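Below is start16.cif, which holds mmCIF, C-alpha atoms and all ligand atoms.
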data_run
#
loop_
_atom_site.label_atom_id
_atom_site.label_comp_id
_atom_site.auth_asym_id
_atom_site.auth_seq_id
_atom_site.Cartn_x
_atom_site.Cartn_y
_atom_site.Cartn_z
CA MET A 1 128.67 74.10 112.72
CA PHE A 2 128.97 74.73 109.03
CA TRP A 3 125.39 73.64 108.54
CA ALA A 4 124.10 75.95 111.29
CA LEU A 5 125.92 78.86 109.69
CA PHE A 6 124.51 77.98 106.33
CA VAL A 7 120.94 77.88 107.70
CA ALA A 8 121.43 81.23 109.42
CA PHE A 9 122.81 82.67 106.19
CA ALA A 10 119.88 81.32 104.21
CA GLN A 11 117.46 82.93 106.68
CA VAL A 12 119.20 86.28 106.45
CA MET A 13 119.15 86.08 102.69
CA GLY A 14 115.40 85.48 102.84
CA GLU A 15 113.10 83.61 100.55
CA GLY A 16 114.12 83.52 96.93
CA GLN A 17 117.43 85.31 97.49
CA GLN A 18 119.77 82.34 97.03
CA GLY A 19 121.58 81.22 93.92
CA TRP A 20 122.77 83.79 91.37
CA GLN A 21 123.88 87.13 92.76
CA PRO A 22 124.56 90.25 90.72
CA ASN A 23 128.12 91.49 90.44
CA PRO A 24 128.50 94.00 93.33
CA GLU A 25 130.71 96.25 91.20
CA LEU A 26 128.00 96.50 88.59
CA VAL A 27 125.36 97.18 91.25
CA LYS A 28 127.53 99.98 92.59
CA ALA A 29 128.23 101.52 89.22
CA LEU A 30 124.59 101.41 88.11
CA SER A 31 123.35 102.78 91.45
CA GLN A 32 125.74 105.72 91.12
CA ARG A 33 124.60 106.41 87.59
CA ARG A 34 120.89 106.25 88.48
CA PRO A 35 120.39 106.96 92.19
CA ASP A 36 116.62 107.04 91.56
CA VAL A 37 116.63 103.37 90.49
CA ILE A 38 116.86 100.36 92.83
CA TYR A 39 119.79 98.11 91.95
CA ASP A 40 120.60 97.02 95.48
CA GLU A 41 118.56 93.98 96.54
CA ALA A 42 118.45 95.28 100.12
CA LYS A 43 116.40 98.28 98.92
CA VAL A 44 113.63 96.20 97.37
CA PRO A 45 110.51 97.06 99.42
CA PRO A 46 108.52 94.29 101.09
CA TYR A 47 105.55 93.25 99.00
CA THR A 48 102.82 90.63 98.80
CA LEU A 49 101.92 89.13 95.46
CA PRO A 50 98.28 88.54 94.58
CA ASP A 51 97.61 84.81 94.72
CA PRO A 52 97.06 83.49 91.19
CA LEU A 53 94.81 80.82 92.72
CA VAL A 54 92.45 83.15 94.63
CA CYS A 55 89.71 84.88 92.65
CA LEU A 56 88.86 88.56 93.07
CA ASP A 57 85.80 87.53 95.11
CA GLY A 58 87.97 85.41 97.43
CA THR A 59 87.08 82.00 95.92
CA LYS A 60 90.01 79.59 96.22
CA VAL A 61 90.89 77.82 92.99
CA THR A 62 91.33 74.20 93.95
CA THR A 63 90.47 72.48 90.66
CA PRO A 64 91.54 72.91 87.03
CA GLU A 65 87.87 73.53 86.18
CA LEU A 66 87.74 76.59 88.45
CA TRP A 67 90.97 77.84 86.90
CA TRP A 68 89.65 77.52 83.36
CA LYS A 69 86.11 78.73 84.03
CA LYS A 70 86.66 81.51 86.51
CA ARG A 71 90.16 82.57 87.46
CA ARG A 72 91.91 82.43 84.09
CA PRO A 73 89.26 84.52 82.26
CA GLU A 74 89.32 86.97 85.15
CA ILE A 75 93.12 87.39 85.00
CA LEU A 76 93.07 87.70 81.21
CA GLU A 77 90.50 90.44 81.52
CA LEU A 78 92.61 92.26 84.15
CA PHE A 79 95.62 92.34 81.82
CA ARG A 80 93.39 93.41 78.92
CA THR A 81 91.68 96.26 80.71
CA GLN A 82 94.39 97.40 83.13
CA MET A 83 97.70 96.86 81.36
CA TYR A 84 98.14 95.95 77.69
CA GLY A 85 94.76 97.08 76.39
CA ARG A 86 92.10 95.29 74.43
CA ALA A 87 92.91 94.24 70.88
CA PRO A 88 90.33 93.12 68.33
CA ILE A 89 89.65 89.42 68.94
CA GLY A 90 90.33 86.79 66.32
CA ARG A 91 91.21 86.74 62.66
CA PRO A 92 89.93 89.77 60.72
CA SER A 93 87.40 88.52 58.18
CA GLU A 94 88.86 90.64 55.38
CA MET A 95 92.51 89.60 55.94
CA THR A 96 94.34 87.91 53.03
CA PHE A 97 97.74 86.28 52.48
CA GLU A 98 99.92 86.78 49.44
CA VAL A 99 102.85 84.36 49.08
CA PHE A 100 105.14 86.54 46.96
CA ASP A 101 108.26 84.41 47.19
CA LEU A 102 108.77 80.65 47.31
CA ASP A 103 112.19 79.10 46.80
CA ARG A 104 112.59 75.43 47.72
CA ASN A 105 116.35 75.62 47.13
CA ALA A 106 117.39 78.63 49.15
CA LEU A 107 120.62 78.98 51.18
CA ASP A 108 122.63 76.36 49.27
CA GLY A 109 119.60 74.14 48.72
CA LYS A 110 119.21 73.31 52.42
CA VAL A 111 116.26 75.55 52.97
CA THR A 112 112.82 76.47 51.69
CA ARG A 113 112.30 80.22 51.86
CA LYS A 114 108.86 81.77 51.73
CA GLN A 115 107.84 85.37 52.01
CA VAL A 116 104.22 86.11 52.69
CA ARG A 117 102.50 89.46 52.81
CA ILE A 118 99.69 89.47 55.33
CA LEU A 119 97.21 92.14 54.26
CA PHE A 120 95.43 92.84 57.53
CA THR A 121 92.47 94.53 55.86
CA GLY A 122 92.78 92.67 52.57
CA LYS A 123 93.65 96.00 50.91
CA PRO A 124 97.06 96.46 49.28
CA ASP A 125 97.21 100.07 50.48
CA GLY A 126 96.21 99.11 54.06
CA PRO A 127 98.63 97.92 56.77
CA SER A 128 100.50 94.74 55.90
CA MET A 129 103.13 92.54 57.51
CA ASP A 130 105.78 90.65 55.55
CA LEU A 131 106.55 87.27 57.04
CA LEU A 132 109.96 85.82 56.17
CA ILE A 133 110.03 82.04 56.64
CA TYR A 134 112.94 79.58 56.42
CA LEU A 135 112.16 75.87 56.65
CA PRO A 136 114.65 72.98 56.75
CA ASN A 137 114.57 70.69 53.71
CA HIS A 138 116.11 67.68 55.47
CA VAL A 139 113.25 66.97 57.90
CA GLN A 140 109.76 65.64 57.41
CA ARG A 141 107.02 68.19 56.86
CA PRO A 142 105.16 69.73 58.50
CA VAL A 143 107.94 71.27 60.61
CA PRO A 144 107.83 73.05 63.98
CA VAL A 145 108.64 76.74 63.76
CA PHE A 146 110.07 79.50 65.94
CA LEU A 147 108.22 82.77 65.44
CA LEU A 148 109.58 86.15 66.46
CA LEU A 149 109.26 89.79 65.55
CA ASN A 150 112.39 91.74 64.65
CA PHE A 151 113.36 95.36 65.37
CA SER A 152 114.85 96.64 62.14
CA GLY A 153 113.30 94.92 59.12
CA ASN A 154 113.41 91.38 57.71
CA HIS A 155 116.36 92.22 55.48
CA THR A 156 118.52 92.91 58.57
CA VAL A 157 118.23 89.41 60.05
CA HIS A 158 120.18 87.67 57.24
CA SER A 159 122.30 88.65 54.26
CA ASP A 160 120.13 86.57 51.87
CA PRO A 161 119.76 88.97 48.88
CA ALA A 162 116.26 87.67 48.13
CA ILE A 163 114.72 89.15 51.27
CA ARG A 164 112.39 91.91 50.17
CA ILE A 165 113.28 95.30 51.56
CA LYS A 166 110.30 97.29 52.77
CA PRO A 167 110.15 100.75 54.36
CA ILE A 168 110.92 100.90 58.07
CA TRP A 169 110.06 103.58 60.60
CA ASP A 170 112.48 106.34 61.41
CA ARG A 171 111.47 106.77 65.03
CA ALA A 172 113.06 110.19 65.40
CA LYS A 173 111.24 111.60 62.38
CA GLY A 174 108.03 109.60 62.87
CA GLN A 175 108.12 108.67 59.18
CA GLN A 176 108.76 105.64 57.04
CA VAL A 177 112.03 105.45 55.14
CA MET A 178 113.42 102.97 52.63
CA PRO A 179 116.44 101.20 54.14
CA SER A 180 119.60 100.97 52.06
CA GLU A 181 120.96 97.74 50.56
CA ASP A 182 123.98 97.84 52.86
CA THR A 183 121.77 97.22 55.91
CA ARG A 184 121.15 93.64 54.78
CA GLY A 185 122.25 91.23 57.50
CA SER A 186 123.11 94.12 59.86
CA SER A 187 121.19 92.70 62.84
CA PRO A 188 121.99 88.99 62.90
CA SER A 189 120.15 87.94 66.06
CA ILE A 190 118.56 84.91 64.35
CA PRO A 191 121.10 82.12 63.66
CA VAL A 192 119.12 80.81 60.69
CA GLU A 193 121.60 78.08 59.64
CA LYS A 194 121.86 76.72 63.20
CA ILE A 195 118.10 76.64 63.61
CA ILE A 196 117.71 74.86 60.27
CA ALA A 197 120.45 72.35 61.17
CA ARG A 198 118.45 71.40 64.26
CA GLY A 199 115.38 70.72 62.19
CA TYR A 200 113.37 73.81 63.05
CA GLY A 201 111.87 76.43 60.84
CA VAL A 202 112.01 80.10 61.74
CA ALA A 203 109.64 82.90 60.80
CA THR A 204 110.04 86.59 61.47
CA ALA A 205 108.36 89.90 60.72
CA TYR A 206 109.29 93.53 61.34
CA TYR A 207 107.37 94.84 64.36
CA GLY A 208 106.92 98.24 62.70
CA ASP A 209 104.83 96.57 59.99
CA ILE A 210 102.15 96.23 62.65
CA ALA A 211 102.53 99.53 64.46
CA PRO A 212 105.40 101.99 64.82
CA ASP A 213 107.23 102.29 68.12
CA PHE A 214 106.81 105.92 69.12
CA PRO A 215 104.29 107.84 71.23
CA ASP A 216 102.25 108.92 68.22
CA SER A 217 101.94 105.27 67.18
CA PHE A 218 98.13 105.28 67.38
CA ARG A 219 97.76 107.35 64.24
CA HIS A 220 99.43 104.63 62.18
CA GLY A 221 99.55 100.94 61.32
CA VAL A 222 96.84 98.61 62.55
CA PHE A 223 95.54 101.24 64.97
CA ALA A 224 94.56 103.54 62.14
CA ALA A 225 92.95 100.62 60.30
CA PHE A 226 91.07 98.95 63.14
CA ASP A 227 90.32 101.61 65.76
CA LYS A 228 86.80 102.77 65.19
CA LEU A 229 87.51 105.73 67.41
CA PHE A 230 90.48 106.95 65.41
CA GLY A 231 90.60 110.72 65.64
CA GLU A 232 88.62 110.79 68.89
CA LYS A 233 89.87 110.21 72.39
CA ARG A 234 90.99 106.62 72.83
CA PRO A 235 89.22 104.63 75.56
CA PRO A 236 91.39 103.96 78.66
CA ASP A 237 91.58 100.25 77.80
CA ALA A 238 92.31 100.68 74.08
CA TRP A 239 95.19 98.49 72.90
CA GLY A 240 98.72 99.76 73.32
CA ALA A 241 101.61 98.97 70.99
CA ILE A 242 102.58 95.75 72.81
CA SER A 243 99.03 94.50 72.35
CA ALA A 244 99.16 95.42 68.68
CA TRP A 245 102.46 93.60 68.13
CA ALA A 246 101.08 90.56 69.96
CA TRP A 247 98.00 90.71 67.75
CA GLY A 248 100.33 90.64 64.72
CA LEU A 249 101.94 87.45 66.03
CA SER A 250 98.51 85.83 66.14
CA ARG A 251 97.94 86.86 62.52
CA ALA A 252 101.19 85.06 61.60
CA MET A 253 99.70 82.03 63.34
CA ASP A 254 96.56 82.43 61.22
CA TYR A 255 98.82 82.11 58.18
CA PHE A 256 100.67 79.06 59.56
CA GLU A 257 97.34 77.28 59.88
CA THR A 258 96.98 77.52 56.11
CA ASP A 259 100.51 76.33 55.21
CA ALA A 260 100.94 72.56 54.87
CA ASP A 261 104.74 72.81 55.32
CA ILE A 262 104.35 74.27 58.83
CA ASP A 263 103.14 72.42 61.92
CA ALA A 264 100.83 75.03 63.42
CA ARG A 265 100.47 72.88 66.56
CA ARG A 266 104.20 73.21 67.24
CA VAL A 267 104.87 76.92 67.01
CA VAL A 268 107.20 78.50 69.56
CA VAL A 269 106.64 82.22 70.00
CA LEU A 270 109.60 84.13 71.35
CA GLY A 271 110.83 87.66 71.67
CA HIS A 272 113.61 89.80 73.06
CA SER A 273 113.15 92.73 75.39
CA ARG A 274 110.02 94.78 74.46
CA LEU A 275 109.31 92.01 72.00
CA GLY A 276 109.74 89.51 74.86
CA LYS A 277 106.95 91.36 76.69
CA THR A 278 105.03 91.04 73.43
CA ALA A 279 105.69 87.30 73.08
CA LEU A 280 104.41 86.67 76.62
CA TRP A 281 101.24 88.65 76.00
CA ALA A 282 100.70 86.91 72.65
CA GLY A 283 101.22 83.48 74.22
CA ALA A 284 98.99 84.32 77.19
CA GLN A 285 96.06 85.21 74.96
CA ASP A 286 96.46 82.87 72.01
CA GLU A 287 96.48 79.25 73.11
CA ARG A 288 97.55 78.09 69.66
CA PHE A 289 101.15 78.94 70.61
CA ALA A 290 102.62 75.69 71.92
CA ILE A 291 105.63 77.18 73.71
CA VAL A 292 106.30 80.76 74.83
CA ILE A 293 109.75 82.25 75.41
CA SER A 294 110.68 85.53 77.02
CA ASN A 295 114.23 86.74 76.45
CA ASN A 296 115.27 89.55 78.83
CA SER A 297 111.74 90.99 78.80
CA GLY A 298 112.01 92.79 82.15
CA CYS A 299 109.46 95.33 83.37
CA GLY A 300 106.06 94.81 81.78
CA GLY A 301 107.23 91.35 80.71
CA ALA A 302 108.43 88.60 83.01
CA ALA A 303 109.72 90.76 85.91
CA LEU A 304 107.57 91.36 88.99
CA SER A 305 106.50 95.01 89.07
CA ARG A 306 106.15 95.06 92.85
CA ARG A 307 109.89 94.64 93.35
CA ARG A 308 110.53 98.04 91.71
CA TYR A 309 114.06 96.81 90.94
CA GLY A 310 115.62 98.33 87.81
CA GLU A 311 112.97 99.68 85.45
CA THR A 312 109.66 100.43 87.20
CA VAL A 313 106.06 100.92 86.13
CA ALA A 314 106.46 104.70 86.51
CA ILE A 315 109.65 104.76 84.43
CA ILE A 316 108.26 102.60 81.65
CA ASN A 317 104.95 104.50 81.45
CA LYS A 318 106.84 107.77 81.13
CA ALA A 319 109.44 106.62 78.61
CA PHE A 320 107.09 104.51 76.48
CA PRO A 321 103.59 105.98 76.96
CA HIS A 322 102.29 104.08 73.92
CA TRP A 323 103.25 100.53 75.03
CA PHE A 324 100.40 99.97 77.50
CA CYS A 325 96.83 101.21 77.78
CA GLU A 326 95.96 104.44 79.60
CA ASN A 327 94.61 102.56 82.63
CA PHE A 328 98.09 101.20 83.35
CA LYS A 329 99.37 104.73 84.10
CA ARG A 330 97.31 104.67 87.31
CA PHE A 331 99.74 102.12 88.70
CA SER A 332 102.87 104.26 88.32
CA ASN A 333 104.39 104.27 91.85
CA ARG A 334 101.30 102.36 93.06
CA GLU A 335 102.37 98.82 92.26
CA ASP A 336 100.81 97.42 95.44
CA GLU A 337 97.38 98.44 94.19
CA MET A 338 97.65 96.28 91.09
CA PRO A 339 95.21 93.33 91.27
CA PHE A 340 97.80 91.36 89.31
CA ASP A 341 101.53 91.09 88.79
CA GLN A 342 103.63 89.52 86.07
CA HIS A 343 103.63 86.00 87.57
CA MET A 344 99.96 85.95 86.59
CA LEU A 345 100.83 86.75 82.99
CA ILE A 346 103.10 83.69 82.97
CA ALA A 347 100.38 81.64 84.67
CA LEU A 348 98.00 82.43 81.79
CA ILE A 349 100.29 80.36 79.56
CA ALA A 350 99.87 77.23 81.72
CA PRO A 351 99.95 74.31 81.13
CA ARG A 352 101.90 75.12 77.96
CA PRO A 353 105.68 75.23 78.41
CA VAL A 354 107.13 78.68 79.06
CA TYR A 355 110.80 79.72 79.27
CA VAL A 356 112.05 82.87 80.95
CA ALA A 357 115.65 83.95 80.35
CA SER A 358 117.71 86.68 81.97
CA ALA A 359 121.21 88.07 81.46
CA ASP A 360 123.75 88.66 84.23
CA GLU A 361 124.54 92.25 83.22
CA ASP A 362 120.95 93.17 82.41
CA LEU A 363 119.98 94.46 85.85
CA TRP A 364 117.60 96.99 84.28
CA ALA A 365 115.34 93.99 83.48
CA ASP A 366 115.59 92.63 87.08
CA PRO A 367 116.78 89.04 86.57
CA ARG A 368 115.70 87.99 90.05
CA GLY A 369 112.27 89.50 89.50
CA GLU A 370 112.01 87.49 86.27
CA PHE A 371 112.93 84.28 88.09
CA LEU A 372 110.55 84.98 90.98
CA ALA A 373 107.65 85.61 88.59
CA ALA A 374 108.30 82.27 86.90
CA LYS A 375 108.41 80.64 90.32
CA ALA A 376 105.20 82.32 91.48
CA ALA A 377 103.42 80.95 88.38
CA ASP A 378 104.40 77.42 89.43
CA PRO A 379 101.30 76.68 91.58
CA VAL A 380 99.09 77.14 88.51
CA TYR A 381 101.31 74.83 86.45
CA LYS A 382 101.14 72.26 89.27
CA LEU A 383 97.36 72.57 89.61
CA LEU A 384 97.10 71.78 85.90
CA GLY A 385 99.12 68.61 86.40
CA THR A 386 102.52 69.64 85.01
CA GLU A 387 105.99 69.59 86.50
CA GLY A 388 106.16 73.39 86.72
CA LEU A 389 109.49 74.91 87.73
CA PRO A 390 111.80 72.21 89.10
CA VAL A 391 113.88 74.49 91.40
CA GLN A 392 113.22 76.71 94.40
CA ASP A 393 116.13 79.11 94.02
CA MET A 394 117.75 80.97 91.18
CA PRO A 395 120.23 78.71 89.45
CA PRO A 396 123.84 79.87 89.04
CA LEU A 397 125.03 81.46 85.79
CA ASN A 398 124.69 79.40 82.61
CA ARG A 399 122.91 76.50 84.34
CA PRO A 400 119.50 76.28 82.68
CA VAL A 401 116.62 74.53 84.40
CA MET A 402 113.94 72.99 82.23
CA GLY A 403 110.66 71.76 83.61
CA THR A 404 107.36 72.87 82.11
CA ILE A 405 108.67 76.24 83.18
CA GLY A 406 112.26 76.81 82.06
CA TYR A 407 114.70 79.45 83.25
CA HIS A 408 118.28 80.51 82.73
CA ILE A 409 120.51 83.41 83.50
CA ARG A 410 123.50 83.59 81.19
CA SER A 411 126.61 85.68 81.37
CA GLY A 412 126.67 88.86 79.33
CA LYS A 413 124.50 91.73 78.32
CA HIS A 414 120.93 92.44 77.30
CA ALA A 415 120.71 90.56 73.98
CA LEU A 416 119.35 87.50 72.21
CA THR A 417 122.46 85.36 71.78
CA GLU A 418 123.29 81.99 70.28
CA TYR A 419 123.53 80.57 73.78
CA ASP A 420 119.91 81.61 74.33
CA TRP A 421 118.80 80.11 71.01
CA GLU A 422 120.51 76.80 71.78
CA ARG A 423 118.70 76.54 75.11
CA TYR A 424 115.37 77.39 73.47
CA MET A 425 115.90 74.63 70.93
CA ASP A 426 116.83 72.20 73.74
CA PHE A 427 113.61 73.20 75.48
CA ALA A 428 111.55 72.70 72.30
CA ASP A 429 113.25 69.30 71.71
CA LYS A 430 112.23 68.28 75.22
CA HIS A 431 108.63 69.36 74.91
CA PHE A 432 108.07 68.38 71.31
CA LYS A 433 109.71 65.03 72.18
CA ARG A 434 112.25 65.25 69.40
CA ALA A 435 115.19 62.89 69.96
CA THR A 436 118.03 65.39 69.66
CA GLY A 437 116.66 67.77 67.09
CA LYS A 438 119.97 67.37 65.30
CA PRO A 439 120.03 66.03 61.72
C1 LIG B 1 114.33 99.82 77.16
C2 LIG B 1 113.12 99.63 78.01
C3 LIG B 1 112.85 98.15 78.28
C4 LIG B 1 112.84 97.37 77.01
C5 LIG B 1 114.09 97.63 76.21
C6 LIG B 1 114.12 97.02 74.83
O1 LIG B 1 115.47 99.48 77.87
O2 LIG B 1 113.30 100.35 79.19
O3 LIG B 1 111.60 97.99 78.94
O4 LIG B 1 112.69 95.99 77.26
O5 LIG B 1 114.22 99.03 76.00
O6 LIG B 1 113.09 96.70 74.26
O7 LIG B 1 115.23 96.92 74.28
#
Represent the supplied structure as structure tokens.
Ligand code: GCU
Amino acid sequence: MFWALFVAFAQVMGEGQQGWQPNPELVKALSQRRPDVIYDEAKVPPYTLPDPLVCLDGTKVTTPELWWKKRRPEILELFRTQMYGRAPIGRPSEMTFEVFDLDRNALDGKVTRKQVRILFTGKPDGPSMDLLIYLPNHVQRPVPVFLLLNFSGNHTVHSDPAIRIKPIWDRAKGQQVMPSEDTRGSSPSIPVEKIIARGYGVATAYYGDIAPDFPDSFRHGVFAAFDKLFGEKRPPDAWGAISAWAWGLSRAMDYFETDADIDARRVVVLGHSRLGKTALWAGAQDERFAIVISNNSGCGGAALSRRRYGETVAIINKAFPHWFCENFKRFSNREDEMPFDQHMLIALIAPRPVYVASADEDLWADPRGEFLAAKAADPVYKLLGTEGLPVQDMPPLNRPVMGTIGYHIRSGKHALTEYDWERYMDFADKHFKRATGKP
């Protein structure tokens, strides 16, 4: 009897609807605040995802060879031309690195700190990105490293007085301003000491060093330096800001390849929110990233656009017109016409491990849509001989699952928390085959 009821319930709930459920009070409150936004699962329209293993010409991808030779390049090209925009490929020939700080006894002697200025055009007055790197002293070199961009400047991630303060963008004024000393350590979303204690290095750079985050972005940063068409109309597939930030992450990787203290074959790229979208796009394109992690990346990141739950393509294109290329605007309110969806972005990372994380109160980012995208990437992971995602349904709160695809939904808000970091280090331990990671 109980079993029959359960089966009936499962059928009513439909495919992929089991496991975690959003707090109904929150759904109600958010729906009242934004009646134009879907927060109620029952209002999600029916949709069919494009099959990641069927080519545009209908060819079925039944072998890894077909994936690598035909379908993967095709999907990559779709995201390049239709969504994020096309960035310059590869390391710029004129780029140089300037290690302007090296302290092998930083943070009570436990850490080696390096600061490296990446001069994208080799010119000191051109765009440059400062990479702040902390490496553990108690583990054998070269060490694996977590790489992430930050929102407010390197000096905000830690109170270390040696972090060089550089101008940051005032988004309201559209200008660069010099931050004050008292903003040191004001945005502590990187638990440096904990990461070091587990034997990992961490490297970060300010995303605004690459390109500012406002609609007029294209006049500045790497766009101004690399766009040959600067001043003219931009082509509809010209790189948007997310593509530029992702490109910057690959330039950090270029540096890692030159640093004997860093294991460039064990770099984990991660990001939160818009920078989670960025980490996925960086990891999808640049196969040097060994593990890719999306923290609460939502629409335009890990969440399926076709669900239209929380933030939608139309909303994001309107609010952040500079994030994606012009072609992507054609899909506002026309998600079903997209020849791709975000599960295919995750699939581009295969067979490398990928972790998608959601937060219980972050319904704007559509946690279920993030899980379902990870799940819909699973056939590609399986085709390439990996374990893929080991569950069918969304796990309950704070119960991470870790196959080649990892997923968790934790309690709390839209943020990158210590809980998230601990899971990411567990995931890296598992895939880098490190015993415990602990000293
Ligand atoms: C907004 C935006 C999201 C984005 C987030 C962030 O909420 O709508 O798409 O992920 O900002 O980057 O914090």
Counting all atoms listed in the file, the option among A:Asp286, A:Glu311, A:Asp378, A:Glu337 closest to ligand LIG 1 (chain B):
A:Glu311
Got a sec to check which residues lie within 6 Å of ligand LIG 1 (chain B), using only C-alpha atoms and all ligand atoms, and send them as a count of residues only?
5
What lies within 12 Å of Pro144 of chain A using only C-alpha atoms, ignoring chain neighbours under 2 positions off, as a ChimeraX atom specification?
/A:133-136,139-142,146-147,195-196,198-203,256,259-269,289-291,425,428-429,431-434,437
Could you save the residues just selected, with C-alpha atoms, as a PDB file, in the coordinates of the input?
ATOM      1  CA  ILE A 133     110.030  82.040  56.640  1.00  0.00           C
ATOM      2  CA  TYR A 134     112.940  79.580  56.420  1.00  0.00           C
ATOM      3  CA  LEU A 135     112.160  75.870  56.650  1.00  0.00           C
ATOM      4  CA  PRO A 136     114.650  72.980  56.750  1.00  0.00           C
ATOM      5  CA  VAL A 139     113.250  66.970  57.900  1.00  0.00           C
ATOM      6  CA  GLN A 140     109.760  65.640  57.410  1.00  0.00           C
ATOM      7  CA  ARG A 141     107.020  68.190  56.860  1.00  0.00           C
ATOM      8  CA  PRO A 142     105.160  69.730  58.500  1.00  0.00           C
ATOM      9  CA  PHE A 146     110.070  79.500  65.940  1.00  0.00           C
ATOM     10  CA  LEU A 147     108.220  82.770  65.440  1.00  0.00           C
ATOM     11  CA  ILE A 195     118.100  76.640  63.610  1.00  0.00           C
ATOM     12  CA  ILE A 196     117.710  74.860  60.270  1.00  0.00           C
ATOM     13  CA  ARG A 198     118.450  71.400  64.260  1.00  0.00           C
ATOM     14  CA  GLY A 199     115.380  70.720  62.190  1.00  0.00           C
ATOM     15  CA  TYR A 200     113.370  73.810  63.050  1.00  0.00           C
ATOM     16  CA  GLY A 201     111.870  76.430  60.840  1.00  0.00           C
ATOM     17  CA  VAL A 202     112.010  80.100  61.740  1.00  0.00           C
ATOM     18  CA  ALA A 203     109.640  82.900  60.800  1.00  0.00           C
ATOM     19  CA  PHE A 256     100.670  79.060  59.560  1.00  0.00           C
ATOM     20  CA  ASP A 259     100.510  76.330  55.210  1.00  0.00           C
ATOM     21  CA  ALA A 260     100.940  72.560  54.870  1.00  0.00           C
ATOM     22  CA  ASP A 261     104.740  72.810  55.320  1.00  0.00           C
ATOM     23  CA  ILE A 262     104.350  74.270  58.830  1.00  0.00           C
ATOM     24  CA  ASP A 263     103.140  72.420  61.920  1.00  0.00           C
ATOM     25  CA  ALA A 264     100.830  75.030  63.420  1.00  0.00           C
ATOM     26  CA  ARG A 265     100.470  72.880  66.560  1.00  0.00           C
ATOM     27  CA  ARG A 266     104.200  73.210  67.240  1.00  0.00           C
ATOM     28  CA  VAL A 267     104.870  76.920  67.010  1.00  0.00           C
ATOM     29  CA  VAL A 268     107.200  78.500  69.560  1.00  0.00           C
ATOM     30  CA  VAL A 269     106.640  82.220  70.000  1.00  0.00           C
ATOM     31  CA  PHE A 289     101.150  78.940  70.610  1.00  0.00           C
ATOM     32  CA  ALA A 290     102.620  75.690  71.920  1.00  0.00           C
ATOM     33  CA  ILE A 291     105.630  77.180  73.710  1.00  0.00           C
ATOM     34  CA  MET A 425     115.900  74.630  70.930  1.00  0.00           C
ATOM     35  CA  ALA A 428     111.550  72.700  72.300  1.00  0.00           C
ATOM     36  CA  ASP A 429     113.250  69.300  71.710  1.00  0.00           C
ATOM     37  CA  HIS A 431     108.630  69.360  74.910  1.00  0.00           C
ATOM     38  CA  PHE A 432     108.070  68.380  71.310  1.00  0.00           C
ATOM     39  CA  LYS A 433     109.710  65.030  72.180  1.00  0.00           C
ATOM     40  CA  ARG A 434     112.250  65.250  69.400  1.00  0.00           C
ATOM     41  CA  GLY A 437     116.660  67.770  67.090  1.00  0.00           C
TER      42      GLY A 437
END
Residues within 8 Å of Asp362 of chain A, only C-alpha atoms, excluding chain neighbours under 2 positions, as number ranges by chain:
A: 296, 358-360, 364-367, 412-414
Nearest to Leu131 of chain A, restricted to all atoms listed in the file and choosing among A:Leu249, A:Val177, A:Ala347, A:Val222, comes out as A:Leu249
